[in-house]
file final30.tsv (TSV, C-alpha atoms)
chain	number	residue	atom	x	y	z
A	1	MET	CA	0.00	0.00	0.00
A	2	PRO	CA	1.46	3.42	-0.99
A	3	GLY	CA	2.01	6.21	1.54
A	4	THR	CA	-0.32	9.14	2.15
A	5	HIS	CA	1.23	11.86	-0.02
A	6	PRO	CA	-0.98	12.76	-3.03
A	7	ARG	CA	1.91	12.08	-5.39
A	8	GLU	CA	2.52	8.60	-3.92
A	9	LEU	CA	-1.16	7.80	-4.28
A	10	GLY	CA	-1.31	9.11	-7.85
A	11	LEU	CA	-3.82	11.83	-6.91
A	12	LEU	CA	-2.15	14.60	-8.91
A	13	SER	CA	-3.27	14.98	-12.53
A	14	ASP	CA	-0.83	13.79	-15.17
A	15	CYS	CA	-2.42	14.86	-18.43
A	16	ALA	CA	0.46	13.43	-20.46
A	17	SER	CA	-0.57	9.93	-19.32
A	18	CYS	CA	-4.29	10.39	-19.98
A	19	PHE	CA	-6.39	9.89	-23.10
A	20	GLY	CA	-8.01	13.32	-22.73
A	21	LEU	CA	-10.92	11.71	-20.89
A	22	CYS	CA	-12.18	14.90	-19.27
A	23	CYS	CA	-12.13	16.54	-22.71
A	24	VAL	CA	-14.35	13.78	-24.10
A	25	ALA	CA	-16.38	12.07	-21.38
A	26	LEU	CA	-17.76	15.16	-19.65
A	27	PRO	CA	-20.41	17.56	-21.01
A	28	PHE	CA	-20.32	21.34	-20.69
A	29	SER	CA	-22.66	24.18	-21.53
A	30	ALA	CA	-21.96	27.55	-23.09
A	31	SER	CA	-21.60	29.90	-20.13
A	32	ALA	CA	-19.09	32.07	-18.32
A	33	ASP	CA	-17.02	28.88	-17.89
A	34	PHE	CA	-17.18	27.48	-21.42
A	35	ALA	CA	-17.37	29.17	-24.81
A	36	VAL	CA	-19.48	26.46	-26.44
A	37	ASP	CA	-21.80	23.53	-25.74
A	38	LYS	CA	-20.42	20.00	-25.77
A	39	ASP	CA	-22.25	16.72	-25.21
A	40	ALA	CA	-20.89	13.93	-23.02
A	41	GLY	CA	-18.88	11.47	-25.07
A	42	ARG	CA	-18.03	13.95	-27.83
A	43	PRO	CA	-14.41	15.10	-28.05
A	44	CYS	CA	-13.83	18.79	-27.49
A	45	ALA	CA	-12.94	20.55	-30.75
A	46	ASN	CA	-9.69	21.67	-29.14
A	47	LEU	CA	-8.49	18.12	-28.40
A	48	ARG	CA	-5.59	17.13	-30.65
A	49	ASP	CA	-4.76	13.67	-31.96
A	50	ASP	CA	-2.09	13.30	-29.26
A	51	PHE	CA	-4.74	13.98	-26.55
A	52	ARG	CA	-3.33	17.42	-25.77
A	53	CYS	CA	-5.21	20.70	-25.88
A	54	SER	CA	-4.53	22.97	-28.84
A	55	ILE	CA	-5.36	26.11	-26.81
A	56	HIS	CA	-3.86	25.08	-23.46
A	57	SER	CA	-1.77	28.25	-23.15
A	58	ARG	CA	-4.76	30.50	-23.78
A	59	LEU	CA	-7.73	28.66	-22.30
A	60	ARG	CA	-8.99	31.60	-20.25
A	61	GLU	CA	-8.59	34.08	-23.09
A	62	SER	CA	-10.55	31.68	-25.30
A	63	GLY	CA	-13.50	31.45	-22.89
A	64	PHE	CA	-12.66	28.07	-21.32
A	65	ASN	CA	-12.18	29.10	-17.69
A	66	GLY	CA	-13.83	25.87	-16.60
A	67	CYS	CA	-10.97	23.86	-18.06
A	68	THR	CA	-8.45	25.59	-15.80
A	69	VAL	CA	-10.60	24.87	-12.75
A	70	PHE	CA	-11.28	21.17	-13.24
A	71	GLU	CA	-9.22	18.61	-11.31
A	72	CYS	CA	-9.57	14.85	-11.79
A	73	PHE	CA	-7.41	13.85	-8.76
A	74	GLY	CA	-5.39	11.61	-11.07
A	75	ALA	CA	-8.39	9.57	-12.19
A	76	GLY	CA	-7.65	10.22	-15.86
A	77	GLN	CA	-4.29	8.50	-15.89
A	78	LYS	CA	-5.55	5.67	-13.62
A	79	VAL	CA	-8.34	4.82	-16.07
A	80	SER	CA	-6.07	5.26	-19.09
A	81	GLN	CA	-3.00	3.39	-17.90
A	82	VAL	CA	-4.31	0.93	-15.30
A	83	THR	CA	-7.96	0.11	-16.01
A	84	TYR	CA	-7.46	0.04	-19.79
A	85	GLU	CA	-3.74	-0.77	-19.73
A	86	GLY	CA	-2.71	2.05	-22.05
A	87	ARG	CA	-5.20	1.27	-24.83
A	88	SER	CA	-7.09	4.42	-25.80
A	89	TRP	CA	-10.66	4.92	-26.97
A	90	ARG	CA	-9.27	5.86	-30.37
A	91	GLU	CA	-7.33	2.60	-30.67
A	92	ALA	CA	-10.28	0.56	-29.40
A	93	PRO	CA	-13.52	2.47	-30.16
A	94	GLU	CA	-15.57	-0.38	-28.69
A	95	THR	CA	-14.27	0.57	-25.22
A	96	ALA	CA	-15.20	4.24	-25.50
A	97	ARG	CA	-18.68	4.18	-23.96
A	98	GLN	CA	-17.57	2.12	-20.99
A	99	MET	CA	-14.40	4.16	-20.52
A	100	TYR	CA	-16.40	7.39	-20.38
A	101	ALA	CA	-18.70	5.83	-17.76
A	102	VAL	CA	-15.80	4.58	-15.65
A	103	PHE	CA	-13.98	7.92	-15.58
A	104	PRO	CA	-16.40	9.83	-13.26
A	105	VAL	CA	-16.59	6.78	-10.98
A	106	MET	CA	-12.81	6.72	-10.71
A	107	ARG	CA	-12.73	10.46	-10.09
A	108	GLY	CA	-15.14	10.02	-7.19
A	109	LEU	CA	-12.97	7.30	-5.67
A	110	HIS	CA	-9.79	9.33	-6.10
A	111	GLU	CA	-11.41	12.32	-4.41
A	112	LEU	CA	-12.20	10.10	-1.42
A	113	LEU	CA	-8.59	8.89	-1.41
A	114	TRP	CA	-7.49	12.54	-1.22
A	115	TYR	CA	-9.59	13.16	1.89
A	116	LEU	CA	-8.65	9.91	3.60
A	117	ALA	CA	-4.95	10.47	2.98
A	118	GLU	CA	-5.27	13.95	4.44
A	119	ILE	CA	-6.76	12.55	7.66
A	120	LEU	CA	-3.63	10.47	8.14
A	121	THR	CA	-1.51	13.65	8.10
A	122	LEU	CA	-3.56	15.32	10.87
A	123	PRO	CA	-2.19	14.61	14.37
A	124	ALA	CA	-5.42	15.80	16.00
A	125	ALA	CA	-7.34	13.15	14.06
A	126	ALA	CA	-5.24	10.29	15.44
A	127	PRO	CA	-8.25	8.54	17.06
A	128	VAL	CA	-9.75	7.90	13.62
A	129	HIS	CA	-6.49	7.04	11.84
A	130	PRO	CA	-7.12	3.26	11.98
A	131	ASP	CA	-10.54	3.63	10.34
A	132	ALA	CA	-9.18	6.10	7.80
A	133	ARG	CA	-6.31	3.77	6.92
A	134	ALA	CA	-8.67	0.81	6.46
A	135	LEU	CA	-10.96	2.85	4.19
A	136	LEU	CA	-7.99	4.20	2.26
A	137	GLU	CA	-6.80	0.68	1.52
A	138	GLU	CA	-10.31	-0.46	0.60
A	139	THR	CA	-10.84	2.52	-1.70
A	140	GLU	CA	-7.48	1.97	-3.37
A	141	ARG	CA	-8.46	-1.66	-4.02
A	142	LEU	CA	-11.71	-0.50	-5.60
A	143	THR	CA	-9.82	1.77	-8.02
A	144	ARG	CA	-8.03	-1.31	-9.34
A	145	GLU	CA	-11.17	-3.32	-10.06
A	146	SER	CA	-12.09	-4.20	-13.63
A	147	ALA	CA	-13.91	-1.77	-15.87
A	148	VAL	CA	-17.07	-3.90	-15.57
A	149	VAL	CA	-17.05	-3.65	-11.79
A	150	LEU	CA	-16.20	0.07	-11.77
A	151	GLU	CA	-18.94	0.93	-14.27
A	152	HIS	CA	-21.59	-0.38	-11.88
A	153	LEU	CA	-19.98	0.59	-8.59
A	154	ASP	CA	-22.19	2.50	-6.13
A	155	VAL	CA	-19.79	5.32	-5.25
A	156	GLY	CA	-22.50	7.08	-3.26
A	157	ALA	CA	-22.81	4.22	-0.80
A	158	HIS	CA	-19.05	4.04	-0.35
A	159	ARG	CA	-18.87	7.82	0.05
A	160	ALA	CA	-21.44	7.66	2.85
A	161	ARG	CA	-19.20	5.28	4.81
A	162	VAL	CA	-16.16	7.48	4.24
A	163	ASN	CA	-18.08	10.60	5.20
A	164	GLU	CA	-18.66	9.28	8.72
A	165	VAL	CA	-14.90	9.19	9.27
A	166	LEU	CA	-14.43	12.57	7.59
A	167	LEU	CA	-16.94	14.14	9.97
A	168	ARG	CA	-15.25	12.66	13.02
A	169	ALA	CA	-11.83	13.82	11.82
A	170	SER	CA	-13.14	17.32	11.17
A	171	GLU	CA	-14.60	17.56	14.67
A	172	LEU	CA	-11.32	16.45	16.22
A	173	VAL	CA	-9.28	18.98	14.25
A	174	ARG	CA	-11.64	21.86	14.99
A	175	HIS	CA	-12.27	20.98	18.64
A	176	GLY	CA	-11.66	23.83	21.03
A	177	LEU	CA	-11.27	26.50	18.35
A	178	GLY	CA	-14.76	27.92	18.79
A	179	GLY	CA	-15.44	27.78	15.07
A	180	LYS	CA	-18.86	28.89	13.83
A	181	ARG	CA	-21.26	26.48	12.10
A	182	HIS	CA	-22.10	27.54	8.56
A	183	ARG	CA	-22.66	24.12	6.99
A	184	GLY	CA	-24.48	24.52	3.67
A	185	ALA	CA	-24.98	28.24	4.35
A	186	ASP	CA	-25.90	30.66	1.55
A	187	LEU	CA	-22.96	33.06	1.71
A	188	ILE	CA	-23.03	34.04	-1.94
A	189	GLY	CA	-21.36	37.41	-2.30
A	190	ALA	CA	-20.93	37.67	1.49
A	191	ARG	CA	-18.70	40.43	2.86
A	192	LEU	CA	-16.26	38.44	4.95
A	193	ARG	CA	-13.16	40.55	4.64
A	194	GLY	CA	-10.95	39.89	7.66
A	195	ALA	CA	-13.52	37.50	9.14
A	196	ARG	CA	-12.41	35.15	11.93
A	197	LEU	CA	-13.43	31.80	10.57
A	198	ARG	CA	-10.78	29.65	12.19
A	199	GLY	CA	-12.15	26.18	12.84
A	200	ALA	CA	-15.46	27.05	11.18
A	201	ASP	CA	-17.71	24.36	9.71
A	202	LEU	CA	-18.18	25.53	6.11
A	203	ARG	CA	-19.00	22.12	4.64
A	204	GLY	CA	-21.03	22.61	1.47
A	205	ALA	CA	-21.33	26.37	2.02
A	206	TYR	CA	-22.07	28.57	-0.99
A	207	LEU	CA	-19.24	31.12	-1.01
A	208	ILE	CA	-19.57	32.08	-4.66
A	209	GLY	CA	-18.17	35.58	-5.16
A	210	ALA	CA	-17.63	36.05	-1.41
A	211	ASP	CA	-15.12	38.65	-0.24
A	212	LEU	CA	-12.75	36.64	1.95
A	213	ARG	CA	-9.77	38.96	1.69
A	214	GLY	CA	-7.59	38.63	4.75
A	215	ALA	CA	-9.97	36.12	6.36
A	216	ASP	CA	-8.67	33.61	8.91
A	217	LEU	CA	-9.69	30.19	7.59
A	218	ARG	CA	-7.15	28.12	9.47
A	219	GLN	CA	-8.48	24.65	10.36
A	220	ALA	CA	-11.82	25.49	8.72
A	221	ASP	CA	-13.66	22.50	7.20
A	222	LEU	CA	-14.21	23.41	3.54
A	223	ILE	CA	-15.25	20.09	2.09
A	224	GLY	CA	-17.69	20.69	-0.75
A	225	ALA	CA	-17.69	24.48	-0.26
A	226	ASP	CA	-18.32	26.36	-3.52
A	227	LEU	CA	-15.52	28.92	-3.82
A	228	ARG	CA	-16.11	29.99	-7.41
A	229	GLY	CA	-15.05	33.60	-7.75
A	230	ALA	CA	-14.40	33.95	-4.01
A	231	ASN	CA	-11.63	36.46	-3.28
A	232	LEU	CA	-9.00	34.78	-1.10
A	233	THR	CA	-6.41	37.53	-1.44
A	234	GLY	CA	-4.43	37.64	1.79
A	235	ALA	CA	-6.55	34.90	3.37
A	236	ASP	CA	-4.90	32.29	5.59
A	237	LEU	CA	-6.03	28.74	4.75
A	238	THR	CA	-3.17	27.07	6.60
A	239	GLY	CA	-4.44	23.75	7.89
A	240	ALA	CA	-7.85	24.16	6.22
A	241	VAL	CA	-9.49	20.73	6.27
A	242	PHE	CA	-10.45	18.85	3.09
A	243	LEU	CA	-9.73	21.75	0.74
A	244	THR	CA	-9.01	20.58	-2.82
A	245	GLN	CA	-7.10	21.95	-5.77
A	246	ALA	CA	-10.31	22.34	-7.77
A	247	GLN	CA	-11.75	24.65	-5.11
A	248	VAL	CA	-8.60	26.75	-5.05
A	249	ASN	CA	-8.54	26.88	-8.86
A	250	ALA	CA	-12.09	28.25	-8.87
A	251	ALA	CA	-11.28	31.08	-6.47
A	252	MET	CA	-9.22	34.26	-6.81
A	253	GLY	CA	-6.07	34.89	-4.81
A	254	GLY	CA	-2.68	36.49	-4.72
A	255	PRO	CA	0.86	36.24	-3.39
A	256	ALA	CA	-0.24	36.78	0.23
A	257	THR	CA	-2.78	33.95	0.17
A	258	ARG	CA	-1.58	31.10	2.36
A	259	LEU	CA	-2.50	27.59	1.21
A	260	PRO	CA	-2.18	24.12	2.74
A	261	ALA	CA	1.12	22.45	1.80
A	262	ALA	CA	-0.48	19.86	-0.50
A	263	LEU	CA	-2.03	22.49	-2.77
A	264	THR	CA	-0.53	24.56	-5.58
A	265	ARG	CA	-1.01	28.24	-6.31
A	266	PRO	CA	-3.06	28.50	-9.55
A	267	ALA	CA	-1.28	30.01	-12.55
A	268	HIS	CA	-4.11	32.49	-13.11
A	269	TRP	CA	-3.82	34.02	-9.63
A	270	THR	CA	-2.22	37.44	-9.61
A	271	GLY	CA	1.24	38.15	-8.27
A	272	GLY	CA	2.84	34.71	-8.68
A	273	THR	CA	4.17	32.67	-5.81
A	274	ALA	CA	4.73	34.44	-2.52
A	275	ALA	CA	7.65	33.94	-0.20
A	276	GLY	CA	6.57	31.85	2.77
A	277	ALA	CA	3.63	30.37	0.86
A	278	PRO	CA	5.25	28.01	-1.66
A	279	ALA	CA	3.33	26.08	-4.25
A	280	ALA	CA	3.59	22.43	-3.27
A	281	GLY	CA	5.59	20.36	-5.70
A	282	GLY	CA	6.77	23.50	-7.49
A	283	ARG	CA	4.13	23.27	-10.20
A	284	GLU	CA	1.29	25.50	-11.23
A	285	THR	CA	-2.19	24.36	-12.09
A	286	GLY	CA	-4.10	25.14	-15.20
A	287	GLY	CA	-5.47	21.88	-16.51
A	288	ARG	CA	-6.31	21.27	-20.13
A	289	ALA	CA	-9.43	19.40	-19.24
A	290	ALA	CA	-13.03	20.46	-19.52
A	291	GLY	CA	-14.97	20.50	-16.30
A	292	ALA	CA	-18.48	19.40	-15.49
A	293	SER	CA	-21.39	21.30	-16.98
A	294	ARG	CA	-22.03	24.72	-15.44
A	295	SER	CA	-24.86	27.00	-16.43
A	296	ALA	CA	-24.57	30.78	-16.32
A	297	ARG	CA	-25.47	32.16	-12.92
A	298	PRO	CA	-26.98	35.50	-11.91
A	299	ARG	CA	-24.84	38.19	-10.29
A	300	PRO	CA	-24.20	37.11	-6.68
A	301	LYS	CA	-26.13	38.86	-3.96
A	302	THR	CA	-24.17	40.75	-1.32
A	303	ARG	CA	-24.54	39.37	2.16
A	304	ARG	CA	-22.98	40.12	5.49
A	305	LEU	CA	-21.93	37.64	8.13
A	306	ARG	CA	-21.38	38.73	11.69
A	307	ARG	CA	-17.74	38.24	12.57
A	308	GLY	CA	-16.89	36.05	15.48
A	309	ARG	CA	-14.01	34.25	17.00
call {"tool": "encode", "arguments": {"input": "final30.tsv", "output": "structure tokens"}}
result
Amino acid sequence: MPGTHPRELGLLSDCASCFGLCCVALPFSASADFAVDKDAGRPCANLRDDFRCSIHSRLRESGFNGCTVFECFGAGQKVSQVTYEGRSWREAPETARQMYAVFPVMRGLHELLWYLAEILTLPAAAPVHPDARALLEETERLTRESAVVLEHLDVGAHRARVNEVLLRASELVRHGLGGKRHRGADLIGARLRGARLRGADLRGAYLIGADLRGADLRQADLIGADLRGANLTGADLTGAVFLTQAQVNAAMGGPATRLPAALTRPAHWTGGTAAGAPAAGGRETGGRAAGASRSARPRPKTRRLRRGR
């Protein structure tokens, strides 16, 4: 069984080892995130014969912001190189439909691996480490099942089991910090500049377009929080729990934004990499892959949240 670092577990995207699955399997709709409509199973017009993107260096300028936000957690290369043993949907067209169905299942499993591996790096979550380790090993085994098994796997049921451990780990990490409970809260466009949100429960919160400049988000639980367009300039997310690269990619930030060590500063953020807040692994994000379908949304409302400890 590999260690717990995302690289050891293969949870960092390696587009060079993928068959462009996110650019084919997933649908997207013309919106602020994508310039055109594309159906699931149809290759993006920008996908080249070598599975690379012909506009990778100018995705945002071309209206494909969603492609720079999407993160597959390494599921693309796992499906391409392990499940299908390096045989692409172009070489074997008869595998295409099944391959496209397996990809989102694998992505869901790899996302769970990301969270479970993170638990094992949190000293405060030591009481649940045995359960997390067992689920990590079980989930890793599932990712290596056959395509037939993966296609029909109930990821939702497995996620529910994992979520019980995630909740317990979150409570242990945030214990004693007096964090506020904002689980699933509508904080779209909220004015949270300088807010004290250390140890807050922000699971599934809608923080679209929120002003979080200079906010203290240390040890906050951000699993499933929607950070699209949220301004994290100067915010401190050191030790934030269950934050993913996709969430960071969707937000705005700058050189003073402090991120957890496992995450990388997005290439589209202003100001480059700041001293004292290095991009983990020394790489910048900006995937070539299309994300899931997003429809255009209305201008976010402005909301206030009372600041607290």
call {"tool": "atom_distance", "arguments": {"input": "final30.tsv", "atom1": "atom CA of Leu243 of chain A", "atom2": "atom CA of Arg107 of chain A"}}
result
15.9 Å
call {"tool": "closest_residue", "arguments": {"input": "final30.tsv", "among": "A:Gly204, A:Pro260, A:Gly189, A:Gly214", "to": "Gly229 of chain A", "atoms": "all atoms listed in the file"}}
result
A:Gly189
call {"tool": "closest_residue", "arguments": {"input": "final30.tsv", "among": "A:Gly10, A:Pro104, A:Gly66, A:Gly176", "to": "Leu26 of chain A", "atoms": "all atoms listed in the file"}}
result
A:Pro104
call {"tool": "closest_residue", "arguments": {"input": "final30.tsv", "among": "A:Pro27, A:Met252, A:Gly199, A:Trp114", "to": "Arg7 of chain A", "atoms": "all atoms listed in the file"}}
result
A:Trp114
call {"tool": "atom_distance", "arguments": {"input": "final30.tsv", "atom1": "atom CA of Asp201 of chain A", "atom2": "atom CA of Gly178 of chain A"}}
result
10.2 Å
call {"tool": "closest_residue", "arguments": {"input": "final30.tsv", "among": "A:Ser29, A:Pro123, A:Asp39, A:Gln77", "to": "Gly63 of chain A", "atoms": "only C-alpha atoms"}}
result
A:Ser29
call {"tool": "atom_distance", "arguments": {"input": "final30.tsv", "atom1": "atom CA of Gly74 of chain A", "atom2": "atom CA of Val105 of chain A"}}
result
12.2 Å
call {"tool": "residues_around", "arguments": {"input": "final30.tsv", "residues": "segment 239-241 of chain A", "least_positions_apart": "5", "cutoff": "6 Å", "atoms": "only C-alpha atoms", "output": "ChimeraX atom specification"}}
result
/A:218-221,260
call {"tool": "residues_around", "arguments": {"input": "final30.tsv", "residues": "segment 155-167 of chain A", "least_positions_apart": "6", "cutoff": "9 Å", "atoms": "all atoms listed in the file", "output": "list in words"}}
result
Val105, Met106, Gly108, Leu109, Leu112, Tyr115, Leu116, Ile119, Val128, Asp131, Ala132, Leu135, Thr139 and Phe242 of chain A
call {"tool": "decode", "arguments": {"input": "final30.tsv", "residues": "segment 124-151 of chain A", "atoms": "N, CA and C atoms", "output": "short mmCIF file (atom, residue, chain, number, x, y, z; two decimals), in the first residue's frame"}}
result
data_model
loop_
_atom_site.label_atom_id
_atom_site.label_comp_id
_atom_site.auth_asym_id
_atom_site.auth_seq_id
_atom_site.Cartn_x
_atom_site.Cartn_y
_atom_site.Cartn_z
N ALA A 124 -4.23 15.69 15.16
CA ALA A 124 -5.42 15.80 16.00
C ALA A 124 -6.45 14.73 15.68
N ALA A 125 -6.37 14.17 14.47
CA ALA A 125 -7.34 13.15 14.06
C ALA A 125 -6.86 11.74 14.33
N ALA A 126 -5.83 11.60 15.16
CA ALA A 126 -5.24 10.29 15.44
C ALA A 126 -6.25 9.23 15.86
N PRO A 127 -7.28 9.57 16.66
CA PRO A 127 -8.25 8.54 17.06
C PRO A 127 -8.98 7.85 15.90
N VAL A 128 -9.06 8.52 14.76
CA VAL A 128 -9.75 7.90 13.62
C VAL A 128 -8.77 7.41 12.55
N HIS A 129 -7.47 7.49 12.82
CA HIS A 129 -6.49 7.04 11.84
C HIS A 129 -6.67 5.57 11.45
N PRO A 130 -6.93 4.66 12.39
CA PRO A 130 -7.12 3.26 11.98
C PRO A 130 -8.27 3.08 10.99
N ASP A 131 -9.40 3.74 11.25
CA ASP A 131 -10.54 3.63 10.34
C ASP A 131 -10.23 4.27 8.99
N ALA A 132 -9.53 5.41 9.04
CA ALA A 132 -9.18 6.10 7.80
C ALA A 132 -8.23 5.25 6.97
N ARG A 133 -7.26 4.62 7.62
CA ARG A 133 -6.31 3.77 6.92
C ARG A 133 -7.01 2.58 6.28
N ALA A 134 -7.94 1.96 7.00
CA ALA A 134 -8.67 0.81 6.46
C ALA A 134 -9.49 1.21 5.24
N LEU A 135 -10.15 2.37 5.32
CA LEU A 135 -10.96 2.85 4.19
C LEU A 135 -10.09 3.28 3.02
N LEU A 136 -8.92 3.82 3.33
CA LEU A 136 -7.99 4.20 2.26
C LEU A 136 -7.57 2.96 1.48
N GLU A 137 -7.23 1.91 2.18
CA GLU A 137 -6.80 0.68 1.52
C GLU A 137 -7.94 0.06 0.73
N GLU A 138 -9.15 0.10 1.31
CA GLU A 138 -10.31 -0.46 0.60
C GLU A 138 -10.62 0.34 -0.66
N THR A 139 -10.55 1.66 -0.55
CA THR A 139 -10.84 2.52 -1.70
C THR A 139 -9.81 2.33 -2.79
N GLU A 140 -8.54 2.22 -2.39
CA GLU A 140 -7.48 1.97 -3.37
C GLU A 140 -7.71 0.65 -4.09
N ARG A 141 -8.16 -0.37 -3.37
CA ARG A 141 -8.46 -1.66 -4.02
C ARG A 141 -9.59 -1.51 -5.04
N LEU A 142 -10.59 -0.71 -4.68
CA LEU A 142 -11.71 -0.50 -5.60
C LEU A 142 -11.25 0.16 -6.90
N THR A 143 -10.29 1.08 -6.81
CA THR A 143 -9.82 1.77 -8.02
C THR A 143 -9.13 0.82 -8.98
N ARG A 144 -8.73 -0.35 -8.49
CA ARG A 144 -8.03 -1.31 -9.34
C ARG A 144 -8.92 -2.47 -9.79
N GLU A 145 -10.23 -2.31 -9.56
CA GLU A 145 -11.17 -3.32 -10.06
C GLU A 145 -11.27 -3.22 -11.58
N SER A 146 -11.91 -4.19 -12.17
CA SER A 146 -12.09 -4.20 -13.63
C SER A 146 -13.05 -3.10 -14.06
N ALA A 147 -13.02 -2.79 -15.32
CA ALA A 147 -13.91 -1.77 -15.87
C ALA A 147 -15.38 -2.15 -15.65
N VAL A 148 -15.69 -3.43 -15.76
CA VAL A 148 -17.07 -3.90 -15.57
C VAL A 148 -17.53 -3.61 -14.15
N VAL A 149 -16.70 -3.89 -13.18
CA VAL A 149 -17.05 -3.65 -11.79
C VAL A 149 -17.15 -2.14 -11.52
N LEU A 150 -16.21 -1.37 -12.01
CA LEU A 150 -16.20 0.07 -11.77
C LEU A 150 -17.42 0.76 -12.39
N GLU A 151 -17.81 0.31 -13.57
CA GLU A 151 -18.94 0.93 -14.27
C GLU A 151 -20.21 0.86 -13.43
#
